[in-house]
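A.B. asks: So that you have it, the file is target03.cif, and it contains mmCIF, C-alpha atoms:
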```
data_input
loop_
_atom_site.label_atom_id
_atom_site.label_comp_id
_atom_site.auth_asym_id
_atom_site.auth_seq_id
_atom_site.Cartn_x
_atom_site.Cartn_y
_atom_site.Cartn_z
CA MET A 1 -7.24 8.30 -20.53
CA SER A 2 -6.53 10.06 -17.26
CA ARG A 3 -3.09 10.60 -15.85
CA GLN A 4 -2.29 8.37 -12.87
CA SER A 5 -2.01 9.86 -9.40
CA PRO A 6 1.63 9.68 -8.28
CA SER A 7 2.65 7.44 -5.42
CA GLN A 8 4.00 9.01 -2.21
CA THR A 9 5.66 7.43 0.79
CA VAL A 10 3.61 5.78 3.51
CA GLY A 11 5.77 7.76 5.98
CA PRO A 12 6.51 6.74 9.57
CA PHE A 13 3.07 7.32 11.12
CA PHE A 14 0.77 4.84 9.37
CA HIS A 15 0.34 2.38 12.23
CA PRO A 16 -2.79 3.73 13.94
CA ALA A 17 -4.73 3.79 10.66
CA LEU A 18 -3.33 0.77 8.81
CA ILE A 19 -2.09 -1.66 11.48
CA ASP A 20 -3.64 -1.05 14.91
CA VAL A 21 -7.20 -0.76 13.60
CA GLN A 22 -7.39 -4.47 12.84
CA ALA A 23 -4.91 -7.35 13.12
CA GLN A 24 -4.24 -8.69 9.63
CA ASN A 25 -1.10 -10.75 10.17
CA ASP A 26 -3.03 -14.00 10.59
CA LEU A 27 -4.80 -15.11 7.41
CA VAL A 28 -6.03 -18.34 8.95
CA THR A 29 -9.25 -19.15 10.82
CA PRO A 30 -10.12 -22.55 12.29
CA GLN A 31 -12.23 -23.27 9.19
CA THR A 32 -9.53 -22.37 6.66
CA GLN A 33 -8.39 -25.32 4.57
CA GLY A 34 -4.73 -26.01 3.81
CA GLU A 35 -1.37 -26.50 5.44
CA ARG A 36 -0.61 -23.85 8.06
CA ILE A 37 2.73 -22.11 7.63
CA ILE A 38 4.56 -19.18 9.21
CA ILE A 39 6.45 -16.61 7.16
CA THR A 40 8.88 -14.43 9.01
CA GLY A 41 11.61 -12.03 8.04
CA ARG A 42 13.08 -8.59 8.14
CA VAL A 43 13.33 -5.69 5.73
CA LEU A 44 16.97 -4.60 5.40
CA ASP A 45 18.39 -1.37 4.03
CA GLY A 46 21.57 -0.88 1.99
CA ASP A 47 23.71 -1.06 5.13
CA GLY A 48 22.08 -4.32 6.19
CA VAL A 49 20.25 -2.53 8.99
CA ALA A 50 16.72 -3.71 9.75
CA VAL A 51 14.06 -1.20 8.72
CA PRO A 52 11.83 -0.72 11.78
CA ASP A 53 9.01 1.14 10.06
CA ALA A 54 8.20 -0.96 7.02
CA MET A 55 4.83 -2.48 6.15
CA ILE A 56 4.40 -5.71 4.20
CA GLU A 57 1.22 -6.62 2.35
CA VAL A 58 0.61 -10.09 0.96
CA TRP A 59 -1.94 -11.45 -1.49
CA GLN A 60 -2.15 -15.14 -2.28
CA ALA A 61 -4.32 -17.92 -3.63
CA ASP A 62 -6.00 -20.49 -1.43
CA TYR A 63 -4.78 -24.06 -0.89
CA GLN A 64 -6.14 -25.07 -4.30
CA GLY A 65 -4.49 -22.14 -6.12
CA ILE A 66 -7.74 -20.19 -6.45
CA TYR A 67 -7.94 -16.46 -5.80
CA PRO A 68 -11.12 -15.26 -4.04
CA HIS A 69 -11.67 -12.60 -6.71
CA PRO A 70 -14.10 -12.49 -9.67
CA ASN A 71 -11.25 -12.38 -12.22
CA ASP A 72 -10.30 -15.94 -11.26
CA PRO A 73 -12.48 -18.22 -13.43
CA ARG A 74 -12.66 -20.72 -10.54
CA HIS A 75 -13.40 -18.17 -7.82
CA THR A 76 -16.78 -19.68 -6.93
CA GLU A 77 -14.86 -22.76 -5.74
CA ALA A 78 -12.47 -20.73 -3.56
CA ASP A 79 -12.22 -21.56 0.14
CA PRO A 80 -14.87 -19.28 1.70
CA HIS A 81 -12.77 -19.11 4.87
CA PHE A 82 -9.70 -17.61 3.24
CA ARG A 83 -9.50 -13.93 2.22
CA GLY A 84 -5.99 -14.12 0.77
CA PHE A 85 -4.85 -10.72 2.04
CA GLY A 86 -2.53 -9.94 4.92
CA ARG A 87 -0.71 -6.93 6.28
CA VAL A 88 2.00 -6.66 8.91
CA ASP A 89 4.55 -4.09 10.07
CA THR A 90 8.09 -4.40 11.41
CA TRP A 91 7.97 -2.04 14.36
CA GLN A 92 6.13 -3.58 17.30
CA THR A 93 7.82 -6.93 16.79
CA GLY A 94 11.56 -6.25 17.07
CA ASP A 95 12.04 -5.28 13.42
CA THR A 96 10.75 -8.70 12.33
CA PHE A 97 7.48 -9.41 10.58
CA THR A 98 5.57 -12.64 11.07
CA LEU A 99 2.56 -13.85 9.14
CA ARG A 100 0.52 -17.01 9.66
CA THR A 101 -1.10 -18.31 6.50
CA ILE A 102 -1.59 -21.46 4.47
CA ARG A 103 0.62 -22.81 1.71
CA PRO A 104 -1.00 -21.63 -1.54
CA GLY A 105 -1.70 -24.01 -4.39
CA PRO A 106 -0.21 -23.57 -7.88
CA VAL A 107 -1.80 -20.83 -9.98
CA PRO A 108 -2.37 -20.93 -13.75
CA TRP A 109 0.05 -19.02 -15.98
CA ASP A 110 -1.88 -19.81 -19.14
CA ASP A 111 -4.01 -22.68 -20.39
CA THR A 112 -1.22 -25.21 -20.12
CA ILE A 113 1.47 -23.97 -17.74
CA MET A 114 1.19 -23.55 -13.98
CA GLN A 115 3.08 -21.16 -11.72
CA ALA A 116 4.74 -22.61 -8.65
CA PRO A 117 3.05 -21.76 -5.33
CA HIS A 118 3.90 -18.19 -4.42
CA ILE A 119 2.75 -15.18 -2.42
CA ASN A 120 2.56 -11.69 -3.92
CA VAL A 121 4.23 -9.02 -1.81
CA ARG A 122 4.13 -5.23 -1.58
CA VAL A 123 6.70 -3.42 0.59
CA PHE A 124 6.03 0.07 1.93
CA ALA A 125 8.24 2.24 4.14
CA ARG A 126 9.32 5.71 5.04
CA GLY A 127 11.99 6.49 2.46
CA MET A 128 10.15 4.62 -0.29
CA LEU A 129 8.30 7.06 -2.53
CA ILE A 130 6.68 4.11 -4.27
CA HIS A 131 6.18 0.60 -2.94
CA ALA A 132 8.29 -2.35 -4.06
CA VAL A 133 6.80 -5.52 -5.57
CA THR A 134 8.21 -9.00 -5.04
CA ARG A 135 7.10 -12.62 -4.64
CA ILE A 136 7.72 -15.30 -2.06
CA TYR A 137 8.38 -18.82 -3.39
CA PHE A 138 9.06 -21.84 -1.18
CA ALA A 139 12.32 -23.76 -0.85
CA GLY A 140 11.99 -27.46 -1.61
CA GLU A 141 9.02 -26.95 -3.95
CA PRO A 142 9.57 -29.14 -7.04
CA ALA A 143 7.41 -26.83 -9.20
CA ASN A 144 9.92 -24.00 -8.77
CA ALA A 145 12.12 -25.53 -11.48
CA ALA A 146 9.50 -24.96 -14.16
CA ASP A 147 8.03 -21.71 -12.86
CA PRO A 148 7.81 -19.21 -15.74
CA VAL A 149 8.65 -16.20 -13.56
CA LEU A 150 11.59 -17.77 -11.71
CA SER A 151 13.05 -19.08 -14.95
CA ARG A 152 13.27 -15.57 -16.40
CA ILE A 153 15.48 -14.44 -13.57
CA ASP A 154 19.21 -14.76 -13.50
CA SER A 155 20.07 -17.80 -11.36
CA ALA A 156 22.33 -15.76 -9.07
CA ARG A 157 19.43 -13.53 -8.04
CA ARG A 158 16.63 -16.10 -8.19
CA GLU A 159 17.40 -17.29 -4.66
CA THR A 160 16.30 -13.93 -3.24
CA LEU A 161 12.71 -14.91 -4.07
CA ILE A 162 12.82 -18.28 -2.30
CA ALA A 163 11.89 -18.42 1.37
CA GLN A 164 14.04 -20.89 3.30
CA GLN A 165 12.50 -23.34 5.72
CA GLU A 166 13.72 -22.95 9.28
CA ASP A 167 14.10 -25.73 11.76
CA THR A 168 11.45 -25.03 14.33
CA GLY A 169 9.29 -27.29 16.42
CA ASP A 170 5.89 -25.88 15.64
CA LEU A 171 4.40 -25.02 12.26
CA PRO A 172 6.56 -25.10 9.12
CA THR A 173 8.33 -21.74 9.19
CA TYR A 174 9.84 -19.96 6.21
CA ARG A 175 12.28 -17.08 6.45
CA PHE A 176 12.02 -14.36 3.82
CA ASP A 177 14.31 -11.38 4.34
CA ILE A 178 13.75 -8.48 1.97
CA HIS A 179 16.95 -6.65 1.01
CA LEU A 180 16.02 -3.25 -0.39
CA GLN A 181 19.53 -2.78 -1.80
CA GLY A 182 23.08 -4.11 -1.51
CA ASP A 183 24.83 -7.28 -2.67
CA SER A 184 21.82 -9.44 -1.81
CA GLU A 185 19.20 -7.05 -3.17
CA THR A 186 15.90 -8.86 -3.54
CA VAL A 187 14.48 -9.17 -7.03
CA PHE A 188 11.79 -6.53 -7.41
CA PHE A 189 9.26 -6.44 -10.19
CA ASN A 190 7.87 -3.48 -12.07
CA PRO A 191 5.21 -2.21 -9.68
CA MET B 1 -2.02 -14.54 -20.23
CA THR B 2 -1.51 -12.55 -23.41
CA ASP B 3 0.52 -9.61 -22.22
CA ALA B 4 4.28 -10.12 -22.31
CA THR B 5 5.08 -6.76 -20.79
CA SER B 6 4.09 -5.87 -17.28
CA SER B 7 2.49 -2.95 -15.56
CA ALA B 8 1.54 0.22 -17.34
CA LEU B 9 2.77 2.35 -14.50
CA ASP B 10 3.42 5.88 -15.78
CA TRP B 11 6.93 6.80 -14.63
CA SER B 12 6.45 10.36 -15.87
CA VAL B 13 4.24 10.93 -12.82
CA HIS B 14 5.47 8.36 -10.27
CA PRO B 15 8.56 9.22 -8.24
CA PRO B 16 11.71 7.11 -8.58
CA TYR B 17 12.91 4.97 -5.67
CA LEU B 18 16.03 7.10 -5.28
CA HIS B 19 15.43 10.82 -4.81
CA GLU B 20 18.46 12.07 -2.90
CA PRO B 21 16.92 15.28 -1.51
CA TYR B 22 14.64 12.93 0.48
CA ARG B 23 17.46 11.44 2.51
CA SER B 24 15.74 8.27 3.65
CA THR B 25 15.54 7.06 0.03
CA VAL B 26 19.33 6.74 -0.20
CA LYS B 27 19.62 3.44 1.68
CA ARG B 28 16.12 2.16 1.01
CA SER B 29 15.96 2.38 -2.78
CA PRO B 30 16.37 -0.74 -4.91
CA GLN B 31 19.21 -0.27 -7.40
CA GLN B 32 18.92 -3.31 -9.65
CA PRO B 33 16.72 -3.03 -12.74
CA LEU B 34 13.09 -3.88 -12.06
CA VAL B 35 12.01 -7.17 -13.60
CA PRO B 36 8.95 -7.04 -15.85
CA LEU B 37 6.17 -9.20 -14.46
CA PRO B 38 3.52 -10.40 -16.89
CA ARG B 39 -0.04 -10.03 -15.78
CA THR B 40 -1.17 -13.37 -14.50
CA LEU B 41 -4.04 -14.16 -12.18
CA SER B 42 -1.70 -13.21 -9.33
CA GLU B 43 -1.59 -9.63 -10.59
CA LEU B 44 -5.12 -9.38 -11.93
CA THR B 45 -6.84 -10.29 -8.68
CA GLY B 46 -6.80 -8.57 -5.32
CA PRO B 47 -8.57 -8.33 -1.99
CA VAL B 48 -12.33 -7.83 -2.20
CA TYR B 49 -14.02 -5.55 0.32
CA GLY B 50 -17.66 -5.55 1.33
CA GLU B 51 -19.99 -3.55 3.50
CA ASP B 52 -18.69 -5.33 6.58
CA THR B 53 -15.30 -3.67 6.06
CA VAL B 54 -16.22 -0.24 7.38
CA ARG B 55 -18.75 1.46 9.63
CA PRO B 56 -20.40 4.73 8.54
CA GLU B 57 -18.69 6.70 11.32
CA ASP B 58 -15.26 5.56 10.13
CA SER B 59 -15.27 8.26 7.44
CA ASP B 60 -15.99 11.16 9.83
CA LEU B 61 -12.73 11.95 11.60
CA THR B 62 -14.42 14.77 13.52
CA ARG B 63 -16.63 12.19 15.25
CA ASN B 64 -14.86 8.83 15.20
CA ALA B 65 -12.61 9.54 18.17
CA VAL B 66 -14.58 11.92 20.34
CA VAL B 67 -13.83 11.58 24.04
CA ASN B 68 -15.04 14.76 25.66
CA GLY B 69 -15.73 17.27 22.90
CA GLU B 70 -15.13 18.26 19.31
CA PRO B 71 -11.67 18.15 17.75
CA ILE B 72 -9.99 21.53 17.38
CA GLY B 73 -9.40 23.04 13.97
CA GLU B 74 -10.93 23.92 10.65
CA ARG B 75 -13.56 21.36 9.58
CA ILE B 76 -13.21 20.20 5.98
CA ILE B 77 -15.02 17.81 3.68
CA VAL B 78 -12.80 15.90 1.26
CA THR B 79 -14.58 14.13 -1.55
CA GLY B 80 -13.68 12.72 -4.92
CA ARG B 81 -13.78 9.82 -7.31
CA LEU B 82 -11.54 6.79 -7.61
CA LEU B 83 -10.88 5.97 -11.27
CA ASP B 84 -8.59 3.79 -13.30
CA ASP B 85 -6.55 5.46 -16.02
CA SER B 86 -9.08 4.46 -18.65
CA GLY B 87 -11.54 6.66 -16.78
CA HIS B 88 -13.62 3.86 -15.27
CA PRO B 89 -14.88 4.52 -11.75
CA ILE B 90 -13.88 1.89 -9.19
CA PRO B 91 -16.74 0.93 -6.82
CA ASN B 92 -16.43 -0.84 -3.45
CA ALA B 93 -12.76 0.06 -3.07
CA LEU B 94 -11.23 0.50 0.36
CA ILE B 95 -9.71 3.93 1.02
CA GLU B 96 -7.84 4.48 4.29
CA VAL B 97 -6.59 7.90 5.44
CA TRP B 98 -4.37 9.21 8.20
CA GLN B 99 -3.12 12.66 9.07
CA ALA B 100 -1.77 15.05 11.70
CA ASN B 101 -4.15 17.11 13.81
CA ALA B 102 -4.68 20.85 13.36
CA ALA B 103 -1.50 21.57 15.32
CA GLY B 104 0.62 19.34 13.12
CA ARG B 105 0.90 16.45 15.56
CA TYR B 106 0.21 12.76 14.88
CA ILE B 107 -1.21 10.54 17.58
CA HIS B 108 1.65 8.12 16.77
CA LYS B 109 4.01 7.26 19.65
CA LYS B 110 7.05 8.10 17.56
CA ASP B 111 5.87 11.63 16.79
CA GLN B 112 7.61 13.81 19.36
CA HIS B 113 6.90 17.19 17.73
CA ASP B 114 6.32 19.77 20.46
CA ALA B 115 2.71 20.50 19.55
CA PRO B 116 -0.42 19.47 21.41
CA LEU B 117 -2.27 16.24 20.87
CA ASP B 118 -6.02 16.58 20.47
CA PRO B 119 -7.87 14.18 22.79
CA ASN B 120 -10.79 14.06 20.38
CA PHE B 121 -8.89 13.35 17.19
CA THR B 122 -6.91 10.31 16.08
CA GLY B 123 -6.62 11.35 12.43
CA ALA B 124 -7.44 7.86 11.12
CA GLY B 125 -10.38 6.97 8.88
CA ARG B 126 -11.58 4.54 6.25
CA THR B 127 -14.39 4.20 3.76
CA LEU B 128 -15.54 2.28 0.70
CA THR B 129 -16.21 3.97 -2.62
CA ASN B 130 -19.85 3.85 -3.72
CA ASP B 131 -21.25 2.48 -6.97
CA GLN B 132 -19.96 5.54 -8.86
CA GLY B 133 -16.48 5.26 -7.34
CA GLU B 134 -17.11 8.24 -5.05
CA TYR B 135 -15.86 8.68 -1.50
CA THR B 136 -16.21 11.37 1.16
CA PHE B 137 -14.36 12.09 4.39
CA THR B 138 -15.14 14.75 6.98
CA THR B 139 -12.06 15.80 8.89
CA ILE B 140 -9.95 18.64 10.29
CA ARG B 141 -7.46 20.49 8.12
CA PRO B 142 -4.06 19.13 9.19
CA GLY B 143 -1.23 21.38 10.31
CA ALA B 144 2.32 21.55 8.97
CA TYR B 145 5.02 19.85 11.03
CA PRO B 146 8.80 19.79 11.18
CA TRP B 147 10.87 16.77 10.22
CA ARG B 148 14.57 16.23 10.26
CA ASN B 149 15.29 15.62 6.59
CA HIS B 150 17.32 18.83 6.34
CA GLU B 151 17.81 22.10 8.21
CA ASN B 152 14.42 23.66 9.05
CA ALA B 153 12.44 21.09 7.07
CA TRP B 154 8.63 21.30 7.28
CA ARG B 155 6.13 18.97 5.70
CA PRO B 156 3.31 20.80 3.94
CA PRO B 157 -0.10 19.93 5.40
CA HIS B 158 -1.23 16.66 3.83
CA ILE B 159 -3.57 13.71 4.22
CA HIS B 160 -2.19 10.22 3.56
CA PHE B 161 -4.36 8.05 1.30
CA SER B 162 -4.11 4.26 0.94
CA VAL B 163 -6.17 2.90 -1.94
CA PHE B 164 -7.08 -0.58 -3.15
CA GLY B 165 -8.42 -0.83 -6.69
CA THR B 166 -10.05 -3.93 -8.08
CA THR B 167 -6.72 -5.75 -8.48
CA PHE B 168 -3.43 -5.73 -6.57
CA LEU B 169 -1.81 -4.03 -9.60
CA GLU B 170 -3.80 -0.91 -8.76
CA ARG B 171 -2.52 -0.64 -5.18
CA LEU B 172 -1.58 2.97 -4.42
CA VAL B 173 -0.41 4.88 -1.36
CA THR B 174 -0.25 8.62 -1.86
CA GLN B 175 -0.76 11.99 -0.16
CA MET B 176 -3.22 14.82 -0.75
CA TYR B 177 -1.96 18.40 -0.50
CA PHE B 178 -3.72 21.76 -0.31
CA PRO B 179 -3.79 24.44 -3.02
CA GLY B 180 -1.62 27.52 -2.69
CA ASP B 181 0.63 26.06 0.01
CA PRO B 182 4.02 27.83 0.06
CA LEU B 183 5.67 24.82 1.74
CA LEU B 184 5.16 22.62 -1.33
CA ALA B 185 8.08 24.26 -3.12
CA TYR B 186 10.46 23.11 -0.36
CA ASP B 187 9.19 19.58 0.20
CA PRO B 188 11.45 16.81 -1.17
CA ILE B 189 8.70 14.19 -0.89
CA TYR B 190 6.27 16.17 -3.03
CA ASN B 191 9.06 17.20 -5.38
CA GLY B 192 10.14 13.60 -5.83
CA ILE B 193 7.33 13.54 -8.38
CA PRO B 194 9.17 14.10 -11.67
CA SER B 195 6.66 16.24 -13.57
CA GLU B 196 4.55 19.28 -12.86
CA GLU B 197 1.56 17.42 -14.27
CA GLY B 198 2.11 14.68 -11.71
CA ARG B 199 2.59 17.12 -8.84
CA GLN B 200 -0.61 18.95 -9.70
CA ARG B 201 -2.51 15.64 -9.50
CA LEU B 202 -1.95 15.52 -5.74
CA ILE B 203 -3.27 19.01 -4.98
CA ALA B 204 -6.91 19.01 -3.96
CA ALA B 205 -9.18 21.66 -5.49
CA PHE B 206 -11.07 24.00 -3.23
CA ASP B 207 -14.73 23.78 -4.25
CA LEU B 208 -17.21 26.25 -2.84
CA ASP B 209 -20.05 23.96 -3.90
CA LEU B 210 -18.76 21.30 -1.51
CA THR B 211 -18.65 23.57 1.49
CA GLN B 212 -21.45 23.27 4.01
CA PRO B 213 -22.55 26.77 5.05
CA GLU B 214 -21.88 27.57 8.71
CA TRP B 215 -20.14 24.20 9.05
CA ALA B 216 -17.20 23.11 6.86
CA LEU B 217 -15.06 23.97 3.82
CA GLY B 218 -14.88 21.55 0.92
CA TYR B 219 -12.11 20.09 -1.26
CA ARG B 220 -12.24 17.78 -4.25
CA PHE B 221 -9.55 15.13 -4.70
CA ASP B 222 -9.87 12.56 -7.47
CA ILE B 223 -7.52 9.57 -7.45
CA VAL B 224 -6.46 7.73 -10.60
CA VAL B 225 -4.82 4.31 -10.32
CA CYS B 226 -3.00 2.24 -12.92
CA GLY B 227 -5.70 -0.05 -14.21
CA PRO B 228 -5.53 -3.35 -16.04
CA GLN B 229 -5.87 -2.04 -19.59
CA GLN B 230 -5.93 -5.44 -21.16
CA THR B 231 -8.12 -8.48 -20.77
CA PRO B 232 -5.94 -11.20 -19.31
CA PHE B 233 -7.50 -14.27 -20.88
CA GLU B 234 -8.86 -14.10 -24.39
#
```
Starting from the file, give its structure as structure tokens.
C.D. replies:
Amino acid sequence: MSRQSPSQTVGPFFHPALIDVQAQNDLVTPQTQGERIIITGRVLDGDGVAVPDAMIEVWQADYQGIYPHPNDPRHTEADPHFRGFGRVDTWQTGDTFTLRTIRPGPVPWDDTIMQAPHINVRVFARGMLIHAVTRIYFAGEPANAADPVLSRIDSARRETLIAQQEDTGDLPTYRFDIHLQGDSETVFFNP
Amino acid sequence: MTDATSSALDWSVHPPYLHEPYRSTVKRSPQQPLVPLPRTLSELTGPVYGEDTVRPEDSDLTRNAVVNGEPIGERIIVTGRLLDDSGHPIPNALIEVWQANAAGRYIHKKDQHDAPLDPNFTGAGRTLTNDQGEYTFTTIRPGAYPWRNHENAWRPPHIHFSVFGTTFLERLVTQMYFPGDPLLAYDPIYNGIPSEEGRQRLIAAFDLDLTQPEWALGYRFDIVVCGPQQTPFE
């Protein structure tokens, strides 16, 4: 066993290396299968002020609920036009992040139970010595009621994990604000 | 899914969210208890990177941004292995780095430190680990720079590292420091690490064998991520 290397903050100056080098806020190509959706939101600090120098990373299954990774037993059937990873910051876009992706399919929990469609999230920022881990679920999704992760969470806080659909004319758009602390603090998982 | 507990993150080496001497943590630190997340396929998978991800020149920061000459400063080679905490090397993993130039100035628009930019240095690089989990960067030793955390605060010279393991559980962003640096004792980011053992992990080792005579000094920096220590489906 080797001791783990400690995490350190991403700091304020990551954009040239991690963001500008390659746009990663659009996970969709014309060949990608599945329903196109937009996810947008802000990262808010304990005073409710938008954090302008945060970075969000997302990792999700394809439209069938398959991860394009060898640990997924079905990975050879994954959509070859979907990488599943995205990255976006909150600076250049008025403190708001926006991702275009597809609605993921349900993912196995074990041999019999499925997890509701969700997106895995990592939050990085100046002032965060280690990233925060959360998940995005979708409002109006019937499978949420039986999701084994959501059902472990106190009902008062569960809502912080559910992106709300906004009334817009174009693609289905879900708002997911991430509250780092305060009365509406988002549920964060052990990283 | 056989594991009812969640990550095996070692909190004796990782910093807490709230570390008051680093002022920006005060309003940005979650305060509710973290919820254990069992390891499902969502945790035990992660982005896969291939040879198309990087170009060979991306790992040489002394050459990847040349406009009209060589970057100024002390050339260094930084090399090491990426391992999980069971000691297994991690091949084909994406490592991204960014840093200040030799004068302590980032190319970033928000860095207004009164020190010169270097027209031939952006301080950004990336590479993939090889089959043995090894990586190498050639770069310029970064300078120290002031920040406004407290009166007369200076960051010790450091290189930021962003690392993807084989799963998203292993995701790590960290910083590499230099041995014998007197600024380390005063740095609240470095000292947010709760144990001396953890702090020592982030200090690169000078290695004469890695130096290239008449060309560059050499440092070794191994990175250990929290690996999936249990088979998910049995």
A.B. asks: So what does the PyMOL selection byres ((chain B and resi 102-114) around 9) actually pick up in this one, as a PDB file with C-alpha atoms, in the coordinates of the input?
C.D. replies:
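Here's the written file result28.pdb:
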```
ATOM      1  CA  PRO A  12       6.510   6.740   9.570  1.00  0.00           C
ATOM      2  CA  PHE A  13       3.070   7.320  11.120  1.00  0.00           C
ATOM      3  CA  PHE A  14       0.770   4.840   9.370  1.00  0.00           C
ATOM      4  CA  HIS A  15       0.340   2.380  12.230  1.00  0.00           C
ATOM      5  CA  PRO A  16      -2.790   3.730  13.940  1.00  0.00           C
TER       6      PRO A  16
ATOM      7  CA  PRO B  71     -11.670  18.150  17.750  1.00  0.00           C
ATOM      8  CA  ILE B  72      -9.990  21.530  17.380  1.00  0.00           C
ATOM      9  CA  GLY B  73      -9.400  23.040  13.970  1.00  0.00           C
ATOM     10  CA  GLU B  74     -10.930  23.920  10.650  1.00  0.00           C
ATOM     11  CA  TRP B  98      -4.370   9.210   8.200  1.00  0.00           C
ATOM     12  CA  GLN B  99      -3.120  12.660   9.070  1.00  0.00           C
ATOM     13  CA  ALA B 100      -1.770  15.050  11.700  1.00  0.00           C
ATOM     14  CA  ASN B 101      -4.150  17.110  13.810  1.00  0.00           C
ATOM     15  CA  ALA B 115       2.710  20.500  19.550  1.00  0.00           C
ATOM     16  CA  PRO B 116      -0.420  19.470  21.410  1.00  0.00           C
ATOM     17  CA  LEU B 117      -2.270  16.240  20.870  1.00  0.00           C
ATOM     18  CA  ASP B 118      -6.020  16.580  20.470  1.00  0.00           C
ATOM     19  CA  PHE B 121      -8.890  13.350  17.190  1.00  0.00           C
ATOM     20  CA  THR B 122      -6.910  10.310  16.080  1.00  0.00           C
ATOM     21  CA  GLY B 123      -6.620  11.350  12.430  1.00  0.00           C
ATOM     22  CA  ILE B 140      -9.950  18.640  10.290  1.00  0.00           C
ATOM     23  CA  ARG B 141      -7.460  20.490   8.120  1.00  0.00           C
ATOM     24  CA  PRO B 142      -4.060  19.130   9.190  1.00  0.00           C
ATOM     25  CA  GLY B 143      -1.230  21.380  10.310  1.00  0.00           C
ATOM     26  CA  ALA B 144       2.320  21.550   8.970  1.00  0.00           C
ATOM     27  CA  TYR B 145       5.020  19.850  11.030  1.00  0.00           C
ATOM     28  CA  PRO B 146       8.800  19.790  11.180  1.00  0.00           C
ATOM     29  CA  TRP B 147      10.870  16.770  10.220  1.00  0.00           C
ATOM     30  CA  PRO B 157      -0.100  19.930   5.400  1.00  0.00           C
TER      31      PRO B 157
END
```
A.B. asks: Taking the file as shown, what set of residues would the PyMOL selection byres ((chain B) within 7 of (chain A)) give back, as a PyMOL selection string?
C.D. replies: chain B and resi 1+6-7+10+13-17+24-25+27-31+34-37+40-41+44-48+85-87+97-98+108+124-125+172-175+193+198+201-202+223-226
A.B. asks: Hey, can you check how far CA of Gly180 in chain B sits from CA of Gln200 in chain B?
C.D. replies: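 Taking CA of Gly180 in chain B and CA of Gln200 in chain B, their separation equals 11.1 Å.
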A.B. asks: Report, in Å to a single decimal, how far apart CA of Phe178 in chain B and CA of Ala153 in chain B are.
C.D. replies: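 CA of Phe178 in chain B lies 17.8 Å from CA of Ala153 in chain B.
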A.B. asks: The PyMOL selection byres ((chain B and resi 128) around 6) - which residues does that actually catch in the file I just gave you? List them as an mmCIF file with C-alpha atoms, in the coordinates of the input.
C.D. replies:
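So the final result, stored in selection.cif, reads:
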```cif
data_model
loop_
_atom_site.group_PDB
_atom_site.id
_atom_site.type_symbol
_atom_site.label_atom_id
_atom_site.label_comp_id
_atom_site.auth_asym_id
_atom_site.auth_seq_id
_atom_site.Cartn_x
_atom_site.Cartn_y
_atom_site.Cartn_z
ATOM 1 C CA ASN B 92 -16.430 -0.840 -3.450
ATOM 2 C CA ALA B 93 -12.760 0.060 -3.070
ATOM 3 C CA LEU B 94 -11.230 0.500 0.360
ATOM 4 C CA THR B 127 -14.390 4.200 3.760
ATOM 5 C CA THR B 129 -16.210 3.970 -2.620
#
```
A.B. asks: Box along x, y and z, 8 Å on every side, all listed atoms of range 34-39 of chain A inside: centre and edge lengths in Å to one decimal, as JSON.
C.D. replies:
```
{"center_x": 0.9, "center_y": -21.6, "center_z": 6.5, "size_x": 27.2, "size_y": 25.9, "size_z": 21.4}
```
A.B. asks: Using all atoms listed in the file, give me every residue within 9 Å of (6.1, -14.8, 13.1) in file coordinates, as a list of chain:residue names.
C.D. replies: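 Applying the cut-off with all atoms listed in the file, one gets A:Asn25, A:Ile38, A:Ile39, A:Thr40, A:Gly41, A:Thr93, A:Thr96, A:Phe97, A:Thr98, A:Leu99, A:Arg100, A:Thr173.
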A.B. asks: Restrict the selected residues to C-alpha atoms and save them as a short mmCIF file (atom, residue, chain, number, x, y, z; two decimals), keeping the file's coordinate frame.
C.D. replies:
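Saved to again28.cif:
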```cif
data_model
loop_
_atom_site.label_atom_id
_atom_site.label_comp_id
_atom_site.auth_asym_id
_atom_site.auth_seq_id
_atom_site.Cartn_x
_atom_site.Cartn_y
_atom_site.Cartn_z
CA ASN A 25 -1.10 -10.75 10.17
CA ILE A 38 4.56 -19.18 9.21
CA ILE A 39 6.45 -16.61 7.16
CA THR A 40 8.88 -14.43 9.01
CA GLY A 41 11.61 -12.03 8.04
CA THR A 93 7.82 -6.93 16.79
CA THR A 96 10.75 -8.70 12.33
CA PHE A 97 7.48 -9.41 10.58
CA THR A 98 5.57 -12.64 11.07
CA LEU A 99 2.56 -13.85 9.14
CA ARG A 100 0.52 -17.01 9.66
CA THR A 173 8.33 -21.74 9.19
#
```
A.B. asks: Could you work out how far CA of Phe164 in chain B lies from CA of Pro104 in chain A, giving the answer in Å with one decimal?
C.D. replies: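 The value is 22.0 Å.
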A.B. asks: Which is closer to Arg87 in chain A than all the others in A:Ala23, A:Gln31, A:Ile113, A:Gly105, using only C-alpha atoms?
C.D. replies: A:Ala23
A.B. asks: Select all residues near (8.3, 0.3, 16.3) (cut-off 6 Å, inclusive, file coordinates), counting all atoms listed in the file, and output them as a ChimeraX atom specification.
C.D. replies: /A:52,91-92
A.B. asks: Would you mind telling me which residue in B:Leu18, B:Ala205, B:Ala185, B:Val66 lies nearest to Gly218 in chain B when using all atoms listed in the file?
C.D. replies: B:Ala205
A.B. asks: Using all atoms listed in the file, which residue out of B:Asp187, B:Asn149, B:Thr211, B:Pro182 lies closest to Val26 in chain B?
C.D. replies: B:Asn149
